[in-house]
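Printed here is protein.tsv (TSV, C-alpha atoms):
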```
chain	number	residue	atom	x	y	z
A	1	ALA	CA	-180.13	-0.17	-106.09
A	2	ASN	CA	-179.84	3.62	-105.97
A	3	PRO	CA	-176.14	4.50	-105.91
A	4	VAL	CA	-174.84	7.87	-104.78
A	5	HIS	CA	-173.11	9.82	-107.56
A	6	ALA	CA	-170.92	12.92	-107.81
A	7	GLU	CA	-170.61	13.97	-104.18
A	8	LEU	CA	-167.24	15.61	-103.58
A	9	LEU	CA	-165.39	14.58	-100.43
A	10	ALA	CA	-162.03	16.29	-100.90
A	11	VAL	CA	-159.93	18.17	-103.49
A	12	ASP	CA	-156.26	18.87	-104.17
A	13	ILE	CA	-154.85	15.94	-102.21
A	14	ASP	CA	-152.04	13.53	-103.05
A	15	GLU	CA	-152.43	9.80	-103.68
A	16	ASP	CA	-151.49	8.74	-100.15
A	17	THR	CA	-154.14	11.04	-98.70
A	18	VAL	CA	-156.72	9.72	-101.17
A	19	LEU	CA	-156.06	6.18	-99.95
A	20	LYS	CA	-156.17	7.25	-96.32
A	21	TYR	CA	-159.54	8.95	-96.70
A	22	LEU	CA	-160.95	6.01	-98.64
A	23	ASP	CA	-159.72	3.58	-95.98
A	24	ARG	CA	-161.38	5.66	-93.26
A	25	TYR	CA	-164.61	5.82	-95.25
A	26	ILE	CA	-164.67	2.04	-95.69
A	27	MET	CA	-163.85	1.33	-92.05
A	28	TYR	CA	-166.44	3.83	-90.81
A	29	TYR	CA	-168.96	2.01	-93.03
A	30	ILE	CA	-167.88	-1.42	-91.72
A	31	LEU	CA	-168.27	-0.31	-88.11
A	32	THR	CA	-171.63	1.47	-88.40
A	33	ALA	CA	-173.63	-0.07	-91.27
A	34	ASP	CA	-176.29	-2.75	-90.83
A	35	LYS	CA	-175.59	-6.27	-92.06
A	36	LEU	CA	-175.73	-6.50	-95.88
A	37	GLU	CA	-176.49	-2.78	-96.12
A	38	ARG	CA	-175.12	-1.12	-99.25
A	39	THR	CA	-172.85	1.89	-98.91
A	40	ALA	CA	-175.31	4.20	-100.71
A	41	VAL	CA	-178.14	3.29	-98.33
A	42	TRP	CA	-175.86	3.60	-95.33
A	43	GLN	CA	-174.57	7.00	-96.45
A	44	ARG	CA	-178.08	8.41	-96.91
A	45	LYS	CA	-178.91	7.49	-93.30
A	46	LEU	CA	-176.00	9.47	-91.89
A	47	PRO	CA	-176.73	12.81	-90.19
A	48	SER	CA	-176.02	16.09	-91.90
A	49	GLY	CA	-172.95	18.17	-91.17
A	50	LYS	CA	-172.92	20.63	-88.29
A	51	ASN	CA	-173.78	23.42	-90.70
A	52	GLY	CA	-176.05	21.36	-92.94
A	53	GLY	CA	-174.96	20.08	-96.35
A	54	GLY	CA	-176.22	16.53	-95.94
A	55	PRO	CA	-174.37	13.29	-95.13
A	56	ILE	CA	-171.34	14.17	-97.28
A	57	GLU	CA	-170.56	17.08	-94.94
A	58	HIS	CA	-170.83	14.73	-91.96
A	59	LEU	CA	-168.35	12.40	-93.66
A	60	LYS	CA	-165.92	15.26	-94.26
A	61	GLU	CA	-166.09	16.17	-90.58
A	62	VAL	CA	-165.53	12.59	-89.42
A	63	ILE	CA	-162.95	11.44	-92.01
A	64	ILE	CA	-160.97	14.64	-92.62
A	65	GLU	CA	-161.52	16.87	-89.59
A	66	ASP	CA	-161.74	13.97	-87.07
A	67	SER	CA	-164.79	15.50	-85.41
A	68	LEU	CA	-165.50	12.27	-83.50
A	69	GLY	CA	-161.88	11.64	-82.53
A	70	ILE	CA	-161.88	8.19	-84.14
A	71	CYS	CA	-159.57	8.66	-87.15
A	72	ASP	CA	-156.63	7.04	-85.36
A	73	GLU	CA	-158.76	4.00	-84.55
A	74	LEU	CA	-160.08	3.81	-88.12
A	75	ASP	CA	-156.51	3.89	-89.44
A	76	LYS	CA	-155.34	1.17	-87.03
A	77	ARG	CA	-158.26	-1.10	-87.83
A	78	MET	CA	-157.69	-0.79	-91.58
A	79	GLN	CA	-153.98	-1.47	-91.14
A	80	HIS	CA	-154.86	-4.62	-89.19
A	81	LEU	CA	-157.01	-5.80	-92.10
A	82	VAL	CA	-154.16	-5.16	-94.53
A	83	ASP	CA	-151.57	-6.88	-92.34
A	84	SER	CA	-153.74	-9.93	-91.62
A	85	TYR	CA	-155.00	-10.42	-95.18
A	86	HIS	CA	-154.34	-13.77	-96.80
A	87	ASP	CA	-155.65	-15.51	-99.88
A	88	GLU	CA	-158.08	-18.10	-98.50
A	89	TRP	CA	-158.27	-19.98	-101.80
A	90	ALA	CA	-154.48	-20.19	-102.03
A	91	GLU	CA	-154.49	-21.74	-98.54
A	92	VAL	CA	-157.02	-24.34	-99.68
A	93	VAL	CA	-154.92	-25.23	-102.72
A	94	LYS	CA	-151.91	-25.82	-100.47
A	95	ASP	CA	-153.84	-28.03	-98.02
A	96	PRO	CA	-154.71	-31.50	-99.41
A	97	GLU	CA	-157.38	-32.14	-96.77
A	98	ARG	CA	-159.20	-28.88	-97.37
A	99	ARG	CA	-158.78	-29.27	-101.12
A	100	LYS	CA	-160.80	-32.50	-100.98
A	101	ARG	CA	-163.91	-30.45	-100.20
A	102	PHE	CA	-163.72	-28.94	-103.66
A	103	LYS	CA	-163.38	-32.10	-105.71
A	104	GLN	CA	-165.71	-32.20	-108.68
A	105	PHE	CA	-166.96	-35.64	-107.59
A	106	ALA	CA	-167.05	-37.05	-104.07
A	107	ASN	CA	-166.30	-40.62	-105.14
A	108	THR	CA	-163.40	-40.16	-107.56
A	109	ASP	CA	-160.51	-37.93	-108.52
A	110	GLU	CA	-161.65	-38.05	-112.14
A	111	ASN	CA	-162.99	-34.86	-113.68
A	112	GLN	CA	-165.34	-34.04	-116.51
A	113	THR	CA	-164.16	-30.98	-118.42
A	114	ARG	CA	-166.40	-28.03	-119.10
A	115	ASP	CA	-166.28	-28.85	-122.82
A	116	SER	CA	-167.87	-32.23	-122.13
A	117	MET	CA	-170.90	-30.49	-120.64
A	118	ILE	CA	-171.38	-27.48	-122.89
A	119	GLU	CA	-170.01	-26.38	-126.25
A	120	PHE	CA	-167.74	-23.36	-126.25
A	121	ILE	CA	-167.72	-20.95	-129.18
A	122	ASP	CA	-165.52	-18.14	-130.41
A	123	MET	CA	-166.95	-14.63	-130.25
A	124	ARG	CA	-164.76	-11.79	-131.49
A	125	GLY	CA	-161.60	-13.68	-130.58
A	126	GLN	CA	-162.82	-14.77	-127.14
A	127	THR	CA	-164.12	-18.15	-126.00
A	128	ARG	CA	-167.48	-18.31	-124.22
A	129	PRO	CA	-170.18	-20.92	-123.56
A	130	ALA	CA	-172.74	-21.37	-126.29
A	131	ASP	CA	-176.08	-19.68	-125.66
A	132	TRP	CA	-178.74	-21.78	-124.04
A	133	PRO	CA	-181.53	-22.46	-126.52
A	134	ALA	CA	-184.84	-20.74	-125.78
A	135	ASP	CA	-187.39	-22.75	-123.80
A	136	GLY	CA	-189.14	-25.21	-126.06
A	137	GLU	CA	-186.18	-25.56	-128.40
A	138	PRO	CA	-184.15	-28.79	-128.56
A	139	GLN	CA	-181.86	-29.28	-125.53
A	140	THR	CA	-184.40	-27.70	-123.17
A	141	ASN	CA	-187.10	-29.17	-120.92
A	142	TRP	CA	-185.59	-32.65	-121.09
A	143	LYS	CA	-188.17	-35.27	-120.24
A	144	ALA	CA	-187.51	-38.46	-118.38
A	145	PRO	CA	-189.63	-41.43	-119.53
A	146	ASP	CA	-193.05	-41.52	-117.88
A	147	GLN	CA	-192.54	-45.05	-116.66
A	148	ASP	CA	-189.68	-46.19	-114.45
A	149	ILE	CA	-187.07	-46.60	-117.16
A	150	PHE	CA	-184.95	-48.84	-114.93
A	151	ALA	CA	-187.84	-50.91	-113.51
A	152	MET	CA	-186.69	-54.10	-115.27
A	153	SER	CA	-182.97	-53.50	-114.76
A	154	GLU	CA	-180.82	-55.58	-112.48
A	155	LYS	CA	-179.50	-53.27	-109.77
A	156	LYS	CA	-176.72	-53.33	-107.22
A	157	TRP	CA	-175.87	-51.27	-104.17
A	158	ILE	CA	-172.84	-49.19	-105.13
A	159	ARG	CA	-170.67	-47.55	-102.49
A	160	VAL	CA	-170.19	-43.89	-103.47
A	161	GLY	CA	-168.30	-42.55	-100.46
A	162	ASP	CA	-168.34	-41.96	-96.73
A	163	VAL	CA	-171.00	-39.98	-94.89
A	164	SER	CA	-168.36	-37.30	-94.23
A	165	ASP	CA	-167.85	-36.86	-97.99
A	166	PHE	CA	-171.26	-35.22	-98.33
A	167	PRO	CA	-171.99	-31.87	-96.66
A	168	LYS	CA	-174.82	-31.71	-94.16
A	169	ASN	CA	-178.10	-30.35	-95.50
A	170	ALA	CA	-176.57	-30.03	-98.94
A	171	ALA	CA	-175.35	-32.33	-101.69
A	172	GLY	CA	-172.30	-33.62	-103.49
A	173	ALA	CA	-171.88	-34.83	-107.05
A	174	ILE	CA	-170.69	-38.36	-107.86
A	175	LEU	CA	-169.56	-39.90	-111.14
A	176	TYR	CA	-170.96	-43.24	-112.24
A	177	GLY	CA	-169.47	-44.25	-115.56
A	178	GLU	CA	-170.03	-41.07	-117.63
A	179	THR	CA	-173.09	-40.03	-115.63
A	180	GLN	CA	-173.22	-37.30	-113.01
A	181	LEU	CA	-175.49	-37.97	-110.04
A	182	ALA	CA	-176.27	-35.81	-107.01
A	183	VAL	CA	-176.34	-37.30	-103.50
A	184	PHE	CA	-178.25	-35.25	-100.90
A	185	ASN	CA	-177.59	-35.45	-97.16
A	186	ASN	CA	-180.72	-34.00	-95.54
A	187	GLU	CA	-179.55	-34.18	-91.94
A	188	LYS	CA	-182.52	-32.14	-90.69
A	189	ARG	CA	-184.90	-34.91	-91.78
A	190	GLY	CA	-182.44	-37.75	-91.26
A	191	GLU	CA	-182.83	-38.71	-94.91
A	192	TRP	CA	-180.64	-39.25	-97.98
A	193	TYR	CA	-181.57	-38.97	-101.66
A	194	CYS	CA	-179.91	-39.47	-105.02
A	195	THR	CA	-180.96	-37.91	-108.33
A	196	GLN	CA	-179.50	-37.07	-111.69
A	197	ASN	CA	-177.24	-34.02	-111.44
A	198	MET	CA	-178.57	-32.55	-114.68
A	199	CYS	CA	-181.41	-30.05	-114.34
A	200	PRO	CA	-183.83	-30.90	-117.18
A	201	HIS	CA	-184.77	-27.26	-117.76
A	202	LYS	CA	-181.54	-26.24	-119.55
A	203	GLN	CA	-179.55	-29.47	-119.24
A	204	ALA	CA	-177.07	-27.90	-116.82
A	205	PHE	CA	-175.22	-30.21	-114.43
A	206	VAL	CA	-175.91	-28.24	-111.26
A	207	LEU	CA	-178.52	-29.88	-109.02
A	208	SER	CA	-175.85	-30.92	-106.50
A	209	GLN	CA	-175.23	-27.19	-105.97
A	210	GLY	CA	-178.91	-26.44	-105.35
A	211	MET	CA	-180.50	-25.54	-102.03
A	212	ILE	CA	-182.48	-28.27	-100.33
A	213	GLY	CA	-185.57	-27.59	-98.26
A	214	ASP	CA	-189.12	-28.60	-97.53
A	215	ALA	CA	-192.37	-27.80	-99.34
A	216	ASN	CA	-195.33	-28.71	-97.13
A	217	GLY	CA	-193.54	-31.81	-95.90
A	218	THR	CA	-192.03	-32.72	-99.26
A	219	PRO	CA	-188.22	-32.71	-99.43
A	220	LYS	CA	-187.09	-30.59	-102.38
A	221	VAL	CA	-184.09	-29.19	-104.22
A	222	ALA	CA	-184.06	-25.88	-106.10
A	223	CYS	CA	-181.87	-25.59	-109.18
A	224	PRO	CA	-179.35	-22.80	-108.50
A	225	LEU	CA	-179.74	-21.38	-112.02
A	226	HIS	CA	-183.45	-20.83	-112.61
A	227	LYS	CA	-185.00	-22.02	-109.32
A	228	LYS	CA	-186.88	-24.98	-110.74
A	229	THR	CA	-187.76	-27.16	-107.75
A	230	PHE	CA	-188.03	-30.93	-107.65
A	231	ASP	CA	-189.35	-33.52	-105.20
A	232	LEU	CA	-186.28	-35.41	-103.98
A	233	GLU	CA	-188.32	-38.58	-103.41
A	234	THR	CA	-190.30	-38.84	-106.65
A	235	GLY	CA	-188.34	-36.47	-108.92
A	236	ALA	CA	-191.48	-34.56	-109.94
A	237	GLU	CA	-191.25	-30.82	-110.51
A	238	LEU	CA	-193.05	-28.87	-107.79
A	239	GLY	CA	-195.43	-26.10	-108.72
A	240	GLU	CA	-197.01	-25.79	-112.15
A	241	GLY	CA	-194.23	-27.37	-114.25
A	242	ASP	CA	-194.22	-30.89	-115.66
A	243	LEU	CA	-190.49	-31.62	-115.67
A	244	LYS	CA	-189.11	-34.60	-113.80
A	245	ILE	CA	-185.76	-35.95	-112.66
A	246	ILE	CA	-184.74	-39.56	-112.15
A	247	THR	CA	-184.15	-40.67	-108.56
A	248	PHE	CA	-182.32	-43.63	-107.05
A	249	PRO	CA	-182.57	-45.27	-103.58
A	250	VAL	CA	-179.88	-44.51	-100.99
A	251	LYS	CA	-178.94	-46.32	-97.80
A	252	ILE	CA	-176.31	-45.83	-95.11
A	253	ASP	CA	-174.25	-48.77	-93.91
A	254	GLY	CA	-172.10	-47.66	-90.99
A	255	GLU	CA	-170.12	-44.74	-92.45
A	256	SER	CA	-170.63	-45.82	-96.04
A	257	VAL	CA	-173.13	-44.24	-98.45
A	258	LEU	CA	-174.61	-46.67	-100.97
A	259	VAL	CA	-176.83	-45.98	-103.98
A	260	GLU	CA	-178.88	-48.68	-105.73
A	261	LEU	CA	-178.03	-48.40	-109.42
A	262	PRO	CA	-178.48	-50.36	-112.66
A	263	ASN	CA	-175.34	-51.25	-114.58
A	264	VAL	CA	-173.21	-48.39	-115.91
A	265	GLU	CA	-174.12	-48.88	-119.56
A	266	GLU	CA	-177.84	-48.54	-118.90
A	267	VAL	CA	-177.49	-45.39	-116.83
A	268	ASP	CA	-175.06	-43.80	-119.31
A	269	ALA	CA	-177.51	-44.48	-122.15
A	270	ILE	CA	-180.07	-42.22	-120.46
A	271	LEU	CA	-178.03	-39.78	-118.38
A	272	GLY	CA	-174.49	-39.89	-119.78
A	273	THR	CA	-172.92	-36.43	-119.85
A	274	ASN	CA	-171.79	-36.58	-123.47
A	275	GLY	CA	-175.30	-37.35	-124.70
A	276	LEU	CA	-176.73	-34.36	-122.81
A	277	ARG	CA	-174.03	-31.85	-123.73
A	278	VAL	CA	-175.46	-28.44	-124.60
A	279	LYS	CA	-174.50	-27.50	-128.15
A	280	LYS	CA	-174.62	-24.28	-130.06
A	281	SER	CA	-178.16	-23.32	-130.98
A	282	ASP	CA	-179.07	-22.61	-134.59
A	283	CYS	CA	-181.25	-19.71	-133.45
A	284	ILE	CA	-180.20	-16.22	-134.52
A	285	ASN	CA	-177.98	-14.51	-131.96
A	286	LEU	CA	-179.53	-11.05	-132.15
A	287	ALA	CA	-176.87	-9.36	-130.01
A	288	GLU	CA	-173.98	-10.66	-132.08
A	289	ASP	CA	-175.75	-10.02	-135.38
A	290	ALA	CA	-176.57	-6.45	-134.33
A	291	ILE	CA	-172.85	-5.84	-133.87
A	292	LYS	CA	-172.19	-7.17	-137.33
A	293	VAL	CA	-174.82	-4.84	-138.78
A	294	GLN	CA	-173.24	-1.85	-137.05
A	295	LEU	CA	-169.79	-2.77	-138.31
A	296	ALA	CA	-171.16	-3.16	-141.82
A	297	LYS	CA	-172.54	0.38	-141.63
A	298	GLU	CA	-169.23	1.77	-140.41
A	299	TYR	CA	-167.13	-0.02	-142.99
A	300	PRO	CA	-168.68	0.13	-146.49
A	301	THR	CA	-166.15	-2.38	-147.83
A	302	LYS	CA	-168.10	-5.04	-145.93
A	303	LYS	CA	-171.38	-4.16	-147.63
A	304	SER	CA	-171.78	-7.61	-149.12
A	305	LYS	CA	-171.70	-9.21	-145.64
A	306	ALA	CA	-174.33	-6.79	-144.41
A	307	THR	CA	-176.52	-7.62	-147.40
A	308	ALA	CA	-176.17	-11.32	-146.63
A	309	LEU	CA	-177.06	-10.70	-142.99
A	310	PHE	CA	-180.23	-8.80	-143.86
A	311	ALA	CA	-181.14	-11.56	-146.28
A	312	LYS	CA	-180.83	-14.05	-143.43
A	313	PHE	CA	-183.28	-12.01	-141.35
A	314	ARG	CA	-185.75	-11.86	-144.25
A	315	ASN	CA	-185.54	-15.61	-144.75
A	316	LYS	CA	-186.30	-16.16	-141.08
A	317	GLU	CA	-189.47	-14.07	-141.24
```
Can you dump the structure from the file as structure tokens?
Amino acid sequence: ANPVHAELLAVDIDEDTVLKYLDRYIMYYILTADKLERTAVWQRKLPSGKNGGGPIEHLKEVIIEDSLGICDELDKRMQHLVDSYHDEWAEVVKDPERRKRFKQFANTDENQTRDSMIEFIDMRGQTRPADWPADGEPQTNWKAPDQDIFAMSEKKWIRVGDVSDFPKNAAGAILYGETQLAVFNNEKRGEWYCTQNMCPHKQAFVLSQGMIGDANGTPKVACPLHKKTFDLETGAELGEGDLKIITFPVKIDGESVLVELPNVEEVDAILGTNGLRVKKSDCINLAEDAIKVQLAKEYPTKKSKATALFAKFRNKE
């Protein structure tokens, strides 16, 4: 992106006039820009002013001098936006039927908290998720057993919801014991799939939020975090990677969606959320340690802590 900086539109105006000019600018942009076009790109494409000066002079003529005779319309359109504004998420919260679309799991009202999926740490008085370990460290590139781990297990068809509970050409998460699974409704192909919800790359429970598609006839899902893609039928990673996810058969009986699963204890032993929770890495956090070093330099009374920190770096080398 190449933003536009330091171009003066107006001077010596009161707050109400500032807001009016900004509203006109935004509405002029809304009415004339291409779809998804950034304001800076749009502004550069505008003609120059009548006496030159570039696009900013054109904007002054349109927004302040009303050279096109549209300021009244711009003001009315912006006022309509203000008057008709409503908080869409607040409306969803108030509507039980619409709120159902945003359940964590399609088959239950139970929830798994964020802390059950990833450890949270304190950083300078604020809580944040622990850093993901670097690739190759523990808790990354999780590997499913090469053989079918549930080949000898007794399985049953488990009803996990209605067809309408799962969005078309997308997925929804379900909870089975303590395990998160993803159920995919590929309406374009007339097919359904079920996999673990945990992406093995960083052990994040997000595959149900991934985009589904087709790779040379192979149905696939792309992890929304790092774009790792997996075959929805076999679970194999597509491309050059060797990761794999566990898949389960799905069938539709009338309006019911059923998944063939081993007993809960067996599935939880392999895919249970608590056992796959991302924990704080023991790797050095260079960003946080750099702050500590800077503070140690600014405050000599903390010299001993700085010495200990540098010793830690030396020991790591």
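CA of Pro55 in chain A is found 17.4 Å from CA of Cys71 in chain A.
Relative to CA of Val257 in chain A, CA of Gln112 in chain A is found at 22.2 Å.
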**OP:** Considering only C-alpha atoms, return as a list of chain:residue names whatever protein or nucleic-acid residues lie within 7 Å of range 27-43 of chain A, sequence-local ones (same chain, fewer than 6 positions apart) excluded.
**Re:** A:Asn2, A:Pro3, A:Val4, A:Pro55, A:Leu74, A:Met78
**OP:** Could you tell me how far CA of Glu240 in chain A lies from CA of Phe184 in chain A, in Å and to one decimal?
**Re:** 23.8 Å
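If only C-alpha atoms are the atoms counted, then among A:Ile63, A:Ala182, A:Ile121, A:Lys220 the closest residue to Val160 in chain A is A:Ala182.
The closest residue to Lys45 in chain A, picked from A:Gln139, A:Ala215, A:Asp162, A:His58 and counting only C-alpha atoms, is A:His58.
Considering only C-alpha atoms, the residue among A:Gly275, A:Ile26, A:Tyr21, A:Thr108 positioned nearest to Arg159 in chain A is A:Thr108.
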Original post:
Using all atoms listed in the file, which residue out of A:Glu178, A:Asp165, A:Asp12, A:Glu191 lies closest to Arg98 in chain A?
Top reply: A:Asp165
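Distances from A:Pro219, A:Ile174, A:Val267, A:Met198 to Gln104 in chain A were compared using only C-alpha atoms, and the smallest one belongs to A:Ile174.
Nearest to Lys244 in chain A of all the residues A:Tyr85, A:Trp142, A:Phe166, A:Trp192 is A:Trp142, counting all atoms listed in the file.
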With 5 Å added on each side, what axis-aligned box encloses every listed atom of range 12-18 of chain A? Give the centre and edge lengths in Å to one decimal, as lines of an AutoDock Vina configuration file.
```
center_x = -154.1
center_y = 13.8
center_z = -101.4
size_x = 15.2
size_y = 20.1
size_z = 15.5
```
Subject >> Spatial neighbours of Ala204 in chain A, 8 Å, all atoms listed in the file, chain gap at least 4 places, as a PyMOL selection string >> reply: chain A and resi 117+198-200+278
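Using only C-alpha atoms, the protein and nucleic acid residues lying no more than 7 Å from range 247-251 of chain A, apart from those fewer than 5 places from it along its own chain, are Trp192, Tyr193, Cys194, Thr195, Gln196, Glu233, Thr234, Gly235, Val257, Leu258, Val259, Glu260 and Leu261 of chain A.
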Store the residues picked out above in a file with C-alpha atoms, as a PDB file, in the coordinates of the input.
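File written: selection16.pdb
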```pdb
ATOM      1  CA  TRP A 192    -180.640 -39.250 -97.980  1.00  0.00           C
ATOM      2  CA  TYR A 193    -181.570 -38.970-101.660  1.00  0.00           C
ATOM      3  CA  CYS A 194    -179.910 -39.470-105.020  1.00  0.00           C
ATOM      4  CA  THR A 195    -180.960 -37.910-108.330  1.00  0.00           C
ATOM      5  CA  GLN A 196    -179.500 -37.070-111.690  1.00  0.00           C
ATOM      6  CA  GLU A 233    -188.320 -38.580-103.410  1.00  0.00           C
ATOM      7  CA  THR A 234    -190.300 -38.840-106.650  1.00  0.00           C
ATOM      8  CA  GLY A 235    -188.340 -36.470-108.920  1.00  0.00           C
ATOM      9  CA  VAL A 257    -173.130 -44.240 -98.450  1.00  0.00           C
ATOM     10  CA  LEU A 258    -174.610 -46.670-100.970  1.00  0.00           C
ATOM     11  CA  VAL A 259    -176.830 -45.980-103.980  1.00  0.00           C
ATOM     12  CA  GLU A 260    -178.880 -48.680-105.730  1.00  0.00           C
ATOM     13  CA  LEU A 261    -178.030 -48.400-109.420  1.00  0.00           C
TER      14      LEU A 261
END
```
